[in-house]
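The block underneath contains the structure these notes are about, expressed in structure tokens.
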Amino acid sequence: MHPPLHILWRDEHLVAVYKPAGWLVHRTGLDAGETRFVMQALRDQLGQHVFPVHRLDKGTCGVLVMALHSDAARALSQAFERQATHKRYLAMVRGWAPDAVDVDHALKPDDAPADAAVQDARTQFRRLAQLTLPEASDARFASTRASLVEATPSTGRRHQIRRHLKHVAHPIIGDATHGKGPINRWWADRLGLQRLWLHAWQLTVPHPVSGQALVFDSGLQWPHRACGEAAAADADADTGAPAADWQRLLSQLPWEPAAPGAPGVSTP
């Protein structure tokens, strides 16, 4: 038995939940050994059928929306297809990322044949904070650098954010496919947790009936507050809360927020 999923918002048409890292959205033969599925758990929790309208990778945590009837599922799926939604992610990446960079780099589906056509893919990135640790995660360097990066994709290709960050040489910490194994293991040992550090921070979707813009937020508090001692204590105490692992990451590492007026200092 797993603990109930944290519901962020619900009406008779849709529900927004916090998806924990390590959960699949639905069953798939690609990961036959997994036992944690959002669809199944949410159906049992609500006592009604739910309909997926978008997905998050297994390792990604954060805001996930599901429809509660077929008409809402159709409307929401169409909104995602026509890019009428707005997504904001937070990623912890290797090195000091640029203040801001727009990546327009077409991608092939991961399982596509070599001669498959590429698909348009665009993501905007902003560095929100950075750190330097006086410890070597790579023998070539005497210290270790990392950044917190906001990612705003305007297309929805599979693994788009992960692949675009690799393209600009700042892979996500914990990304076993697109990152560096030794660095990922160094961070896992230091943090006591092996995971993909990618978080679905905020999602805006049009309501499937009224069309009103709905803004769903994961509840993760931006590093400006998380750097305080009170926030660190809260993060330690509330280990069962959504995004508790991310809150500890923000609270316990020496992040230096981007300078006032520089790109990336806004909050959700």
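Convention: chains lettered A, B, ... in structure tokens order; per-chain residue numbering from 1; ligands numbered from 1 as shown.
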
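The list of residues with at least one atom within 12 Å of Ser210 in chain A, based on only C-alpha atoms and without residues fewer than 4 positions apart in the same chain, reads His13, Ala72, Ala75, Leu76, Val205, Pro206 and Leu214 of chain A.
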
### Task
Using backbone DSSP assignments, extract all strand (DSSP E or B) residues from range 88-172 of chain A; output them as an NGL selection string.
:A and (88-94 or 100-104 or 107 or 119 or 122-133 or 144-153 or 172)

Which residues of range 178-211 of chain A come within 8 Å of range 137-149 of chain A, and what is each one's closest atom pair and distance in Å (one decimal), counting only C-alpha atoms, sorted by chain and residue number, as CSV?
residue,atom,partner,partner_atom,distance
A:Pro182,CA,A:Ser137,CA,7.8
A:Ile183,CA,A:Ser137,CA,5.8
A:Trp186,CA,A:Ser137,CA,6.0
A:Trp187,CA,A:Ser137,CA,7.9

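Around Thr60 in chain A, within 6 Å and counting only C-alpha atoms, the residues found are Ala21, Leu198 and His199 of chain A, once anything fewer than 6 positions away on its own chain is removed.
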
### Message
Residues near His167 in chain A, anyone? I mean within 10 Å using only C-alpha atoms, not counting same-chain ones fewer than 3 positions away, as a PyMOL selection string.
### Response
chain A and resi 103+105+161-164+170-171+178

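In this comparison, which uses only C-alpha atoms, the residue of A:Gly62, A:Gly22, A:Gly156, A:Pro134 approaching Pro109 in chain A most closely is A:Gly156.
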
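In terms of minimum interatomic distance to Thr177 in chain A, A:Gly59 ranks closest within A:Gly219, A:Pro113, A:Gly59, A:Pro242, counting only C-alpha atoms.
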